[in-house]
Structures are given as C-alpha cells and as structure tokens.
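File shown here: run_34.cif, holding mmCIF, C-alpha atoms.
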data_my_file
loop_
_atom_site.label_atom_id
_atom_site.label_comp_id
_atom_site.auth_asym_id
_atom_site.auth_seq_id
_atom_site.Cartn_x
_atom_site.Cartn_y
_atom_site.Cartn_z
CA MET A 1 -2.21 -1.58 5.67
CA ARG A 2 -4.12 -4.16 3.69
CA LEU A 3 -2.57 -7.60 3.85
CA GLU A 4 -1.38 -8.33 0.31
CA LEU A 5 -1.70 -11.83 -1.06
CA GLY A 6 1.99 -11.81 -1.85
CA ALA A 7 2.20 -13.47 1.56
CA LEU A 8 -0.38 -15.98 0.48
CA THR A 9 0.28 -16.40 -3.20
CA LEU A 10 -0.51 -19.83 -4.52
CA LEU A 11 1.69 -22.76 -5.44
CA VAL A 12 -0.25 -24.63 -8.12
CA LEU A 13 -0.07 -28.33 -8.64
CA THR A 14 -0.83 -30.17 -11.83
CA ALA A 15 0.53 -33.17 -13.69
CA CYS A 16 3.25 -32.22 -16.12
CA ALA A 17 2.43 -33.04 -19.73
CA PRO A 18 4.80 -35.71 -21.07
CA GLN A 19 5.17 -33.94 -24.41
CA ASP A 20 7.03 -31.03 -22.75
CA LEU A 21 10.70 -31.67 -23.42
CA GLY A 22 12.78 -31.68 -20.25
CA CYS A 23 9.77 -31.61 -17.94
CA PRO A 24 9.94 -34.27 -15.21
CA ASN A 25 6.95 -35.98 -13.69
CA GLY A 26 5.62 -33.91 -10.84
CA VAL A 27 3.62 -30.81 -10.06
CA LEU A 28 3.81 -27.28 -11.39
CA VAL A 29 5.30 -24.91 -8.82
CA VAL A 30 5.58 -21.14 -8.60
CA THR A 31 8.04 -19.55 -6.19
CA THR A 32 8.84 -15.93 -5.30
CA ASN A 33 10.70 -13.75 -2.83
CA GLU A 34 7.88 -11.17 -2.96
CA HIS A 35 10.37 -8.42 -3.75
CA ASP A 36 11.73 -8.74 -7.27
CA ALA A 37 11.85 -12.39 -8.34
CA THR A 38 9.35 -15.05 -9.36
CA GLN A 39 10.08 -18.48 -10.81
CA SER A 40 8.04 -21.40 -12.08
CA GLY A 41 8.79 -25.01 -12.82
CA VAL A 42 8.05 -28.61 -11.85
CA LEU A 43 8.44 -30.15 -8.40
CA PRO A 44 8.72 -33.96 -8.52
CA LEU A 45 6.91 -35.80 -5.73
CA ASP A 46 9.63 -38.45 -5.36
CA GLY A 47 12.07 -36.05 -3.71
CA THR A 48 14.27 -35.39 -6.74
CA PRO A 49 15.22 -31.75 -7.38
CA ALA A 50 12.70 -29.32 -8.79
CA VAL A 51 13.32 -28.11 -12.33
CA MET A 52 12.71 -24.38 -12.76
CA VAL A 53 12.43 -22.74 -16.17
CA ASP A 54 14.10 -19.53 -17.28
CA ALA A 55 12.30 -16.35 -16.30
CA THR A 56 9.90 -15.88 -19.21
CA ILE A 57 7.33 -13.97 -17.16
CA GLN A 58 7.36 -11.00 -14.85
CA GLY A 59 5.69 -12.16 -11.65
CA GLY A 60 6.57 -9.02 -9.72
CA ARG A 61 6.56 -8.50 -5.99
CA ASP A 62 3.00 -9.63 -5.32
CA PRO A 63 1.97 -12.46 -7.66
CA VAL A 64 -1.06 -14.73 -7.42
CA LEU A 65 -1.50 -18.12 -9.06
CA ALA A 66 -5.05 -18.96 -10.14
CA THR A 67 -6.33 -22.22 -11.60
CA SER A 68 -9.61 -22.58 -13.49
CA ALA A 69 -10.92 -25.13 -16.00
CA GLY A 70 -7.53 -26.85 -16.02
CA ARG A 71 -5.71 -23.65 -16.97
CA HIS A 72 -3.17 -21.82 -14.81
CA PHE A 73 -2.65 -18.06 -14.61
CA LEU A 74 0.11 -16.08 -12.92
CA ILE A 75 -1.30 -12.70 -11.92
CA ASN A 76 1.12 -9.78 -11.55
CA ARG A 77 -0.33 -7.36 -9.00
CA ASP A 78 2.59 -4.93 -8.92
CA GLN A 79 1.41 -1.35 -8.94
CA ASN A 80 0.48 -0.20 -12.45
CA VAL A 81 1.53 -3.50 -14.06
CA ASP A 82 -1.90 -5.17 -14.34
CA MET A 83 -0.82 -8.29 -16.24
CA VAL A 84 -1.84 -11.96 -16.31
CA TYR A 85 0.28 -14.72 -17.87
CA GLU A 86 -1.08 -18.15 -18.73
CA LEU A 87 1.37 -20.87 -17.74
CA GLY A 88 2.10 -24.04 -19.66
CA SER A 89 2.25 -27.33 -17.79
CA CYS A 90 5.97 -26.95 -17.07
CA GLY A 91 5.84 -23.34 -15.98
CA HIS A 92 6.54 -21.40 -19.14
CA GLY A 93 4.60 -18.16 -19.51
CA ASP A 94 2.83 -18.94 -22.78
CA THR A 95 0.68 -15.83 -23.25
CA GLY A 96 -0.03 -12.62 -21.39
CA PHE A 97 -2.76 -10.00 -21.32
CA SER A 98 -3.54 -6.73 -19.57
CA THR A 99 -6.24 -6.61 -16.91
CA LEU A 100 -7.19 -3.08 -17.89
CA ALA A 101 -10.23 -2.48 -20.09
CA TYR A 102 -10.00 -0.15 -23.07
CA GLY A 103 -9.46 3.43 -21.90
CA GLU A 104 -8.63 2.52 -18.30
CA THR A 105 -5.43 3.97 -16.90
CA SER A 106 -5.54 3.48 -13.12
CA TRP A 107 -4.12 0.44 -11.32
CA SER A 108 -6.73 -2.34 -11.26
CA ASP A 109 -4.91 -4.67 -8.81
CA PRO A 110 -6.16 -8.00 -10.30
CA GLN A 111 -6.80 -10.70 -7.71
CA ASP A 112 -8.17 -13.82 -9.40
CA VAL A 113 -9.06 -15.35 -12.76
CA ALA A 114 -11.80 -17.82 -13.74
CA VAL A 115 -12.70 -19.43 -17.07
CA ASP A 116 -16.31 -20.08 -18.09
CA SER A 117 -17.64 -22.97 -20.16
CA THR A 118 -17.03 -21.10 -23.42
CA GLY A 119 -13.39 -20.40 -22.59
CA VAL A 120 -13.96 -16.74 -21.73
CA VAL A 121 -11.66 -15.42 -19.01
CA TRP A 122 -13.10 -13.38 -16.13
CA VAL A 123 -10.87 -11.22 -13.91
CA ALA A 124 -11.72 -10.04 -10.39
CA ARG A 125 -10.07 -6.67 -9.70
CA PHE A 126 -9.60 -5.13 -6.25
CA LEU A 127 -9.03 -1.43 -6.93
CA VAL A 128 -11.71 -0.87 -9.56
CA PRO A 129 -15.43 -1.64 -9.10
CA SER A 130 -15.89 -3.70 -12.24
CA LEU A 131 -15.14 -7.24 -13.40
CA LEU A 132 -13.20 -7.63 -16.64
CA VAL A 133 -14.68 -10.18 -19.07
CA ARG A 134 -12.31 -10.99 -21.94
CA ARG A 135 -14.61 -11.94 -24.82
CA ALA A 136 -14.08 -11.25 -28.54
CA GLU A 137 -14.84 -7.68 -27.52
CA SER A 138 -13.86 -7.39 -23.88
CA THR A 139 -16.33 -5.79 -21.52
CA THR A 140 -16.70 -4.91 -17.87
CA ILE A 141 -19.46 -5.57 -15.33
CA ASP A 142 -20.07 -2.70 -12.94
CA LEU A 143 -20.45 -3.80 -9.29
CA SER A 144 -20.08 -0.35 -7.74
CA LYS A 145 -23.63 -0.38 -6.31
CA LEU A 146 -22.71 -3.31 -4.06
CA ASP A 147 -20.74 -1.10 -1.67
CA PRO A 148 -21.66 2.35 -0.33
CA ASP A 149 -18.15 3.65 -1.06
CA GLY A 150 -18.50 2.67 -4.73
CA ASN A 151 -15.97 -0.17 -4.77
CA PRO A 152 -16.85 -3.61 -3.31
CA ASP A 153 -13.19 -4.77 -3.26
CA MET A 154 -13.26 -8.02 -5.23
CA SER A 155 -10.92 -10.70 -3.87
CA SER A 156 -11.77 -13.90 -5.77
CA ILE A 157 -13.95 -15.43 -8.48
CA ARG A 158 -15.12 -18.98 -9.18
CA ILE A 159 -17.37 -20.13 -12.04
CA ILE A 160 -19.69 -23.11 -11.54
CA GLY A 161 -21.95 -23.98 -14.46
CA THR A 162 -23.37 -20.73 -15.83
CA ARG A 163 -22.86 -18.74 -12.64
CA ALA A 164 -19.88 -16.67 -11.57
CA PHE A 165 -19.38 -16.22 -7.83
CA VAL A 166 -17.40 -13.14 -6.90
CA ALA A 167 -16.18 -12.60 -3.33
CA LEU A 168 -16.52 -8.98 -2.18
CA GLU A 169 -14.50 -7.91 0.85
CA ARG A 170 -16.42 -4.59 1.09
CA LEU A 171 -13.66 -2.85 3.02
CA THR A 172 -13.56 0.82 3.99
CA ALA A 173 -10.66 3.25 4.06
CA SER A 174 -8.88 3.71 7.39
CA PRO A 175 -5.83 5.65 8.58
CA SER A 176 -3.74 2.47 8.31
CA GLY A 177 -5.13 1.44 4.92
CA PHE A 178 -8.33 -0.63 5.11
CA ALA A 179 -10.87 -1.65 7.73
CA SER A 180 -13.59 -4.31 7.71
CA THR A 181 -16.68 -2.66 9.17
CA GLN A 182 -19.54 -4.26 7.23
CA LYS A 183 -20.68 -7.69 6.11
CA SER A 184 -18.87 -9.13 3.13
CA GLN A 185 -20.80 -10.60 0.22
CA ILE A 186 -20.66 -12.86 -2.82
CA ALA A 187 -22.09 -11.48 -6.05
CA VAL A 188 -23.69 -14.19 -8.21
CA LEU A 189 -23.65 -13.40 -11.95
CA ASP A 190 -25.05 -15.15 -15.02
CA THR A 191 -22.15 -15.90 -17.36
CA THR A 192 -24.41 -15.80 -20.41
CA THR A 193 -26.26 -12.52 -19.82
CA LEU A 194 -23.58 -10.99 -17.57
CA GLY A 195 -26.41 -9.91 -15.28
CA LEU A 196 -26.46 -9.95 -11.48
CA VAL A 197 -28.54 -12.90 -10.21
CA GLN A 198 -28.28 -12.36 -6.48
CA THR A 199 -25.98 -11.30 -3.69
CA ILE A 200 -25.19 -13.61 -0.77
CA THR A 201 -24.46 -11.86 2.50
CA LEU A 202 -21.70 -13.77 4.22
CA GLN A 203 -21.71 -14.69 7.88
CA GLY A 204 -18.08 -13.61 8.18
CA ARG A 205 -16.07 -10.55 7.18
CA ASN A 206 -13.15 -10.04 4.84
CA PRO A 207 -12.75 -13.28 2.81
CA LEU A 208 -9.01 -13.24 2.32
CA GLY A 209 -7.31 -14.79 -0.69
CA LEU A 210 -8.83 -17.18 -3.19
CA MET A 211 -12.02 -19.15 -2.61
CA PHE A 212 -11.70 -22.95 -2.75
CA GLU A 213 -14.39 -24.81 -4.71
CA SER A 214 -15.30 -28.44 -4.01
CA ASN A 215 -18.46 -30.39 -4.88
CA GLY A 216 -20.58 -27.31 -5.45
CA LYS A 217 -19.46 -25.56 -2.29
CA LEU A 218 -17.17 -22.58 -1.84
CA TRP A 219 -14.83 -22.48 1.15
CA LEU A 220 -13.61 -19.10 2.37
CA ALA A 221 -11.07 -17.93 4.93
CA ASP A 222 -12.81 -14.97 6.59
CA ALA A 223 -9.92 -13.13 8.20
CA GLY A 224 -11.96 -10.34 9.80
CA ASP A 225 -9.59 -7.54 10.77
CA PRO A 226 -7.43 -6.77 7.68
CA GLU A 227 -4.49 -6.03 9.97
CA LEU A 228 -4.81 -9.48 11.61
CA GLN A 229 -4.59 -7.86 15.03
CA ASN A 230 -7.74 -9.44 16.45
CA ALA A 231 -8.03 -13.23 16.65
CA ASN A 232 -11.27 -13.41 18.61
CA GLU A 233 -13.89 -12.05 16.19
CA PRO A 234 -17.19 -14.00 16.26
CA ASP A 235 -17.96 -13.00 12.65
CA ALA A 236 -14.74 -14.38 11.17
CA GLY A 237 -13.36 -17.89 10.60
CA ILE A 238 -13.94 -20.64 8.04
CA GLU A 239 -17.11 -20.17 5.98
CA VAL A 240 -18.86 -22.48 3.51
CA VAL A 241 -21.22 -21.31 0.75
CA ASP A 242 -23.67 -23.72 -0.89
CA THR A 243 -23.81 -22.63 -4.54
CA ALA A 244 -27.12 -24.48 -5.14
CA SER A 245 -29.13 -22.96 -2.28
CA LEU A 246 -27.09 -19.72 -2.28
CA THR A 247 -26.74 -19.89 1.50
CA SER A 248 -23.69 -19.72 3.74
CA THR A 249 -22.57 -21.11 7.09
CA LEU A 250 -19.77 -19.96 9.36
CA LEU A 251 -18.49 -23.48 9.94
CA ILE A 252 -15.69 -22.75 12.45
CA PRO A 253 -15.68 -19.29 14.08
CA GLU A 254 -12.42 -17.50 14.73
CA PRO A 255 -12.65 -17.80 18.56
CA THR A 256 -12.77 -21.59 18.13
CA LEU A 257 -9.77 -21.52 15.79
CA GLY A 258 -7.84 -19.26 18.16
CA ALA A 259 -6.35 -17.30 15.25
CA SER A 260 -7.37 -15.71 11.94
CA ALA A 261 -7.99 -18.03 8.99
CA ILE A 262 -5.98 -16.86 6.00
CA GLU A 263 -6.33 -19.85 3.66
CA VAL A 264 -8.47 -22.98 3.48
CA ALA A 265 -8.54 -26.05 1.23
CA VAL A 266 -10.53 -29.30 1.35
CA ASN A 267 -10.55 -32.70 -0.27
CA GLY A 268 -13.49 -35.10 -0.28
CA THR A 269 -13.25 -35.82 3.44
CA CYS A 270 -10.98 -33.39 5.26
CA GLY A 271 -10.14 -29.73 5.36
CA ALA A 272 -7.03 -27.79 6.29
CA ALA A 273 -6.48 -24.13 7.06
CA ILE A 274 -3.51 -21.87 7.62
CA LEU A 275 -4.03 -19.55 10.59
CA ALA A 276 -2.24 -16.36 11.64
CA ASP A 277 -2.21 -15.12 15.21
CA ALA A 278 -2.67 -11.50 16.29
CA THR A 279 0.93 -10.69 17.18
CA PRO A 280 1.57 -7.29 15.53
CA ASP A 281 4.08 -7.30 12.66
CA VAL A 282 4.72 -11.05 13.20
CA ASN A 283 1.46 -13.01 12.86
CA HIS A 284 2.82 -16.45 13.69
CA THR A 285 1.26 -19.01 11.35
CA SER A 286 0.01 -22.51 12.15
CA LEU A 287 -1.81 -25.32 10.34
CA VAL A 288 -5.02 -26.99 11.48
CA SER A 289 -7.08 -29.83 10.06
CA PHE A 290 -10.80 -30.56 10.46
CA SER A 291 -13.61 -32.79 9.26
CA LEU A 292 -15.93 -31.18 6.72
CA ASP A 293 -18.72 -30.88 9.28
CA GLY A 294 -16.44 -28.69 11.39
CA SER A 295 -15.57 -31.38 13.94
CA ASN A 296 -12.20 -32.97 14.76
CA LEU A 297 -10.37 -29.66 14.72
CA ALA A 298 -6.68 -30.40 15.38
CA THR A 299 -3.37 -28.59 15.16
CA ALA A 300 -1.04 -30.11 12.57
CA ILE A 301 1.81 -27.58 12.65
CA ALA A 302 2.35 -25.49 15.77
CA PRO A 303 2.80 -21.71 15.50
CA THR A 304 5.89 -20.83 13.50
CA ALA A 305 8.47 -18.12 14.20
CA GLY A 306 6.76 -15.69 11.84
CA PHE A 307 4.42 -15.42 8.84
CA ASP A 308 5.92 -18.56 7.32
CA LEU A 309 3.26 -21.06 6.21
CA ARG A 310 1.49 -20.20 2.98
CA GLY A 311 -0.23 -22.39 0.48
CA LEU A 312 -2.26 -25.56 0.60
CA ALA A 313 -2.78 -28.28 -1.99
CA TRP A 314 -4.44 -31.68 -1.64
CA LEU A 315 -2.89 -34.22 -3.99
CA PRO A 316 -5.01 -36.86 -5.75
CA ASP A 317 -3.59 -39.51 -3.40
CA GLY A 318 -5.00 -37.62 -0.40
CA ARG A 319 -1.77 -36.05 0.88
CA LEU A 320 -1.52 -32.35 1.67
CA LEU A 321 1.28 -29.99 0.61
CA VAL A 322 2.08 -26.82 2.58
CA GLY A 323 4.63 -24.17 1.59
CA ASP A 324 7.12 -22.68 4.06
CA THR A 325 9.29 -19.58 3.73
CA GLN A 326 11.97 -20.69 6.22
CA PRO A 327 15.01 -22.08 4.33
CA LYS A 328 16.66 -25.40 5.02
CA VAL A 329 19.62 -27.20 3.46
CA GLY A 330 19.11 -27.25 -0.30
CA GLY A 331 16.33 -24.70 -0.52
CA PHE A 332 12.89 -24.14 0.95
CA PRO A 333 10.64 -26.87 2.35
CA VAL A 334 7.27 -28.01 1.11
CA HIS A 335 5.72 -30.02 3.93
CA VAL A 336 3.92 -33.26 3.04
CA LEU A 337 1.20 -34.44 5.44
CA THR A 338 -1.14 -37.43 5.41
CA PRO A 339 -4.62 -37.38 7.01
CA SER A 340 -6.02 -40.10 9.26
CA ALA A 341 -9.65 -41.24 9.28
CA SER A 342 -10.38 -38.45 11.78
CA CYS A 343 -8.53 -35.93 9.51
CA ALA A 344 -5.60 -35.51 11.92
CA LEU A 345 -2.47 -34.86 9.85
CA THR A 346 0.83 -36.73 10.16
CA ALA A 347 4.00 -35.17 8.73
CA GLY A 348 6.06 -37.08 6.17
CA VAL A 349 9.32 -36.26 4.38
CA ASP A 350 9.53 -32.68 3.11
CA LEU A 351 10.02 -31.81 -0.53
CA THR A 352 12.30 -28.90 -1.45
CA VAL A 353 12.22 -26.05 -3.93
CA PRO A 354 15.46 -24.16 -4.72
CA ASP A 355 16.29 -20.45 -4.69
CA LEU A 356 12.91 -19.04 -3.65
CA PRO A 357 10.13 -20.26 -1.33
CA ALA A 358 6.94 -21.78 -2.68
CA LEU A 359 3.92 -19.64 -1.93
CA ALA A 360 0.82 -21.83 -1.71
CA PHE A 361 -1.25 -24.24 -3.73
CA ALA A 362 -4.32 -24.81 -5.89
CA PRO A 363 -5.22 -28.39 -6.88
#

What does the file become when written as structure tokens?
Amino acid sequence: MRLELGALTLLVLTACAPQDLGCPNGVLVVTTNEHDATQSGVLPLDGTPAVMVDATIQGGRDPVLATSAGRHFLINRDQNVDMVYELGSCGHGDTGFSTLAYGETSWSDPQDVAVDSTGVVWVARFLVPSLLVRRAESTTIDLSKLDPDGNPDMSSIRIIGTRAFVALERLTASPSGFASTQKSQIAVLDTTTLGLVQTITLQGRNPLGLMFESNGKLWLADAGDPELQNANEPDAGIEVVDTASLTSTLLIPEPTLGASAIEVAVNGTCGAAILADATPDVNHTSLVSFSLDGSNLATAIAPTAGFDLRGLAWLPDGRLLVGDTQPKVGGFPVHVLTPSASCALTAGVDLTVPDLPALAFAP
C-alpha cells in the first residue's frame, strides 16, 4: 500500500497578522487525527495555549498543507473530494477550489500547490498524469509521456523564477499497491509557455512528501521502497537538486542514515530529517540533524514507539519545531530544538497543541 502523506502532513508556520481579531502572536498550525477531523489555528511560541478556529474547512482524513509565495493551502486528498482551501493567517479557510479540470470525473489525489509570479496556482496531482494550472481559463499540462505506464505520479511542485519543478515518483503497480522500480525524476516546466524545459533524473527513488526549497536548491526525502520495508537501499536517502545547473546529488544515502528519509528541511546552515525504520506496520521514527555538506550527521531524537514524528519547521530564530502524535498532559507535543555550531540539536521546552496532533511544518 502506498504510504499516504496523511502520516506526514504539514504543520505550517507563519506570523499571525495583527489585524485578525482574536488571533494571538504565534504560528499558524494545522492538526488532524487522519480519520475524520482537521483543525487549524495559531500556536504561540511563548508556551501559552494554542487558539484553534471553528471548523470552516473540510480537511478530511489525508490532508496536506502547502505554502507558496506567502500563501497557505490545505489540500483535501480524501477519495473523490479533490479540494484545496486557502487559509488566512489565523487558520480560517478563506476560499476553496476543486482540483479537477473541466470534464474530469475521476479522483485526482492532489499532492501539492505552488504559486507563480503572476499569482497563478499550479496543482500537482498523483492519480492523473497532468498538472492543473488555474489561470483565467484553467488548463492542464500532460506529463503522461514521462512514465511508461502513462502516469508519472506527481508528489510535489515548487516554482522558482519562471520555472516549475515537479517531482515525479514514477511508481508502478504492485500486488500491495505501488512499487518503486525505476529512477524518479523532476520535470522542469516554463511557467510562461507551460512547455517542458527538461527532465532531471534523480539519483534516488521515490521522493516522498513535499520538496523543501532553500537558496535555489531543492531538498528531497527519497524513501525508496514505498512500503518502507527496506532501510538499506543505496539509491535512496537525502537528495539535493541545484535548480540553476539542473543537476542532483544524493547527499546522504539511506545506508548511512540507517533508515528511510521521509521528510527533510534546512535552514541557512543546518538540515534535519525525519527517518522511519523498516519494522513492518510500525516504522519507528527518529530525527537526525546534519550540516548542509552532508557531514556532522547526528541523532537528535531516538527511535520512537511507532510512526510518531512528522513535520519539520525552522523558525526565523534558528530553532526547529517537530510534531509528535503521542499525547501528553494538555494535548500533543511540538518539540523545540536548537542547533549548535556543528548542527547537533538540543531539546528545549515542548509546545502543545490541543485535541489533535500537529502533522508537520513548512516555514
């Protein structure tokens, strides 16, 4: 069975606009139980209680939170729902739109949203072989030729300048759901002409979740085996794509990590990644840190009891936030860690979200 991003859905952080009545200073947070409830609100960084808004959106069982050009989008990936809601700075679902193009009826399974320099919204869709581009007259971009089975399995999109970078898992059907048997790619598109510029063949397989963009580079968590039952694949790990030279490097291979990378985020100096081990139906998670040249790899949080850690966000002051699904008194923890000069992380005092666990982060 394909690992759904419900387990990795993002907790997004952004300053709360002071003009929003009743919105405390803090960061925007999205929480969910991955079954039937999703909430959004503001998490103060001083330890005071989070303020969640009334349910004005339907996040569903498998939501994703995407941030692009300062805008935040909650993606509902429930079967046959195909909806995206743009969130205000305090978590209200301001507007919503369908991720189906005119005449489409099958489930598109939207994965990620990006906004280009003209304000046009682009949607990467997993179960159909075309990007949705929401212009005055919405259109689609057919990518079916980029995979022999006719669907390249889009997992993420980032727009830098006039180029859109679309991660393609390029999975194949298997008895258990999906298998990763061929190299994954990134499709590079011109946002003006909507034409394909180039494809980048990745060094790793199965880039899971949302790409992280920093200083013209894209960071990917190449999970390899979609079932996460192999943690020793030489063509999986943490990958970096240079968007200027259109080249990629497998920075830290999976055998060095000792587990499958399922999410990665970096600041100007350090990186962090959530890993999942190969224990069937458990996949114990852990957190590692590293320098951006791949050195100083260190464990920050030891393997958890289950698939518990999810979500990374570097704050402007250099601290890292990590979501956790295991409850504690008062709610669910958000771990706060501070990096040293060597990028080793030291734990501070946890923050807490009520009712539902936070799912991950995007700065």

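Within the 7 Å cut-off around range 99-106 of chain A, using all atoms listed in the file and omitting residues fewer than 6 positions from it on the same chain, the listed residues are Asp82, Met83, Val84 and Leu132 of chain A.
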
Output check: residues returned by the PyMOL selection byres ((chain A and resi 152) around 8), as number ranges by chain: A: 126, 129, 143-144, 146-147, 149-151, 153-154, 168-171

Result set, the PyMOL selection byres ((chain A and resi 335-344) around 7) on current file, as JSON, numbers by chain: {"A": [270, 289, 290, 291, 296, 298, 318, 319, 320, 321, 322, 323, 333, 334, 345, 346, 347, 348, 349, 350, 351]}

Contact residues around Val133 in chain A with all atoms listed in the file at 8 Å, ignoring same-chain residues under 5 positions, as a list in words: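 Once the adjacent positions are removed, what remains is Val120, Val121, Trp122, Val123, Ser138, Thr139, Thr140 and Ile141 of chain A.
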
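You will find CA of Val282 in chain A at 21.6 Å from CA of Ile238 in chain A.
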
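This file, filtered with the PyMOL selection byres ((chain A and resi 279) around 12), gives the residues Glu227, Leu228, Gln229, Asn230, Ala231, Ala259, Ser260, Ala276, Asp277, Ala278, Pro280, Asp281, Val282, Asn283, His284, Thr285, Pro303, Thr304, Ala305, Gly306 and Phe307 of chain A.
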
Ser156 in chain A surroundings by all atoms listed in the file, 9 Å radius, close-in-sequence under 5 positions cut, as a ChimeraX atom specification: /A:111-114,123-125,165-168,207-211

Coordinates-based distance that separates CA of Gly70 in chain A from CA of Asp242 in chain A (Å, one decimal): 22.3 Å

Centre and edge lengths of an axis-aligned box around all listed atoms of range 90-109 of chain A, with 5 Å added on each side, are to be given in Å to one decimal, as AutoDock Vina command-line options.
--center_x -1.8 --center_y -11.5 --center_z -16.0 --size_x 26.8 --size_y 40.9 --size_z 24.4

Pairwise distance for CA of Gly96 in chain A and CA of Arg71 in chain A, rounded to one decimal in Å: 13.2 Å

Residue nearest Gly93 in chain A - candidates A:Ile200, A:Leu74, A:Leu28, A:Ala179, atoms counted: only C-alpha atoms: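 Result for the nearest residue to Gly93 in chain A: A:Leu74.
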
Answer as an MDAnalysis selection string, residues within 8 Å of (-12.9, -17.7, -25.3) using all atoms listed in the file: chainID A and resid 118:121 134:136

Nearest to Ala187 in chain A, chosen from A:Leu45, A:Ser214, A:Val241, A:Leu257, with only C-alpha atoms counted in the distances: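 For Ala187 in chain A, the nearest of the candidates is A:Val241.
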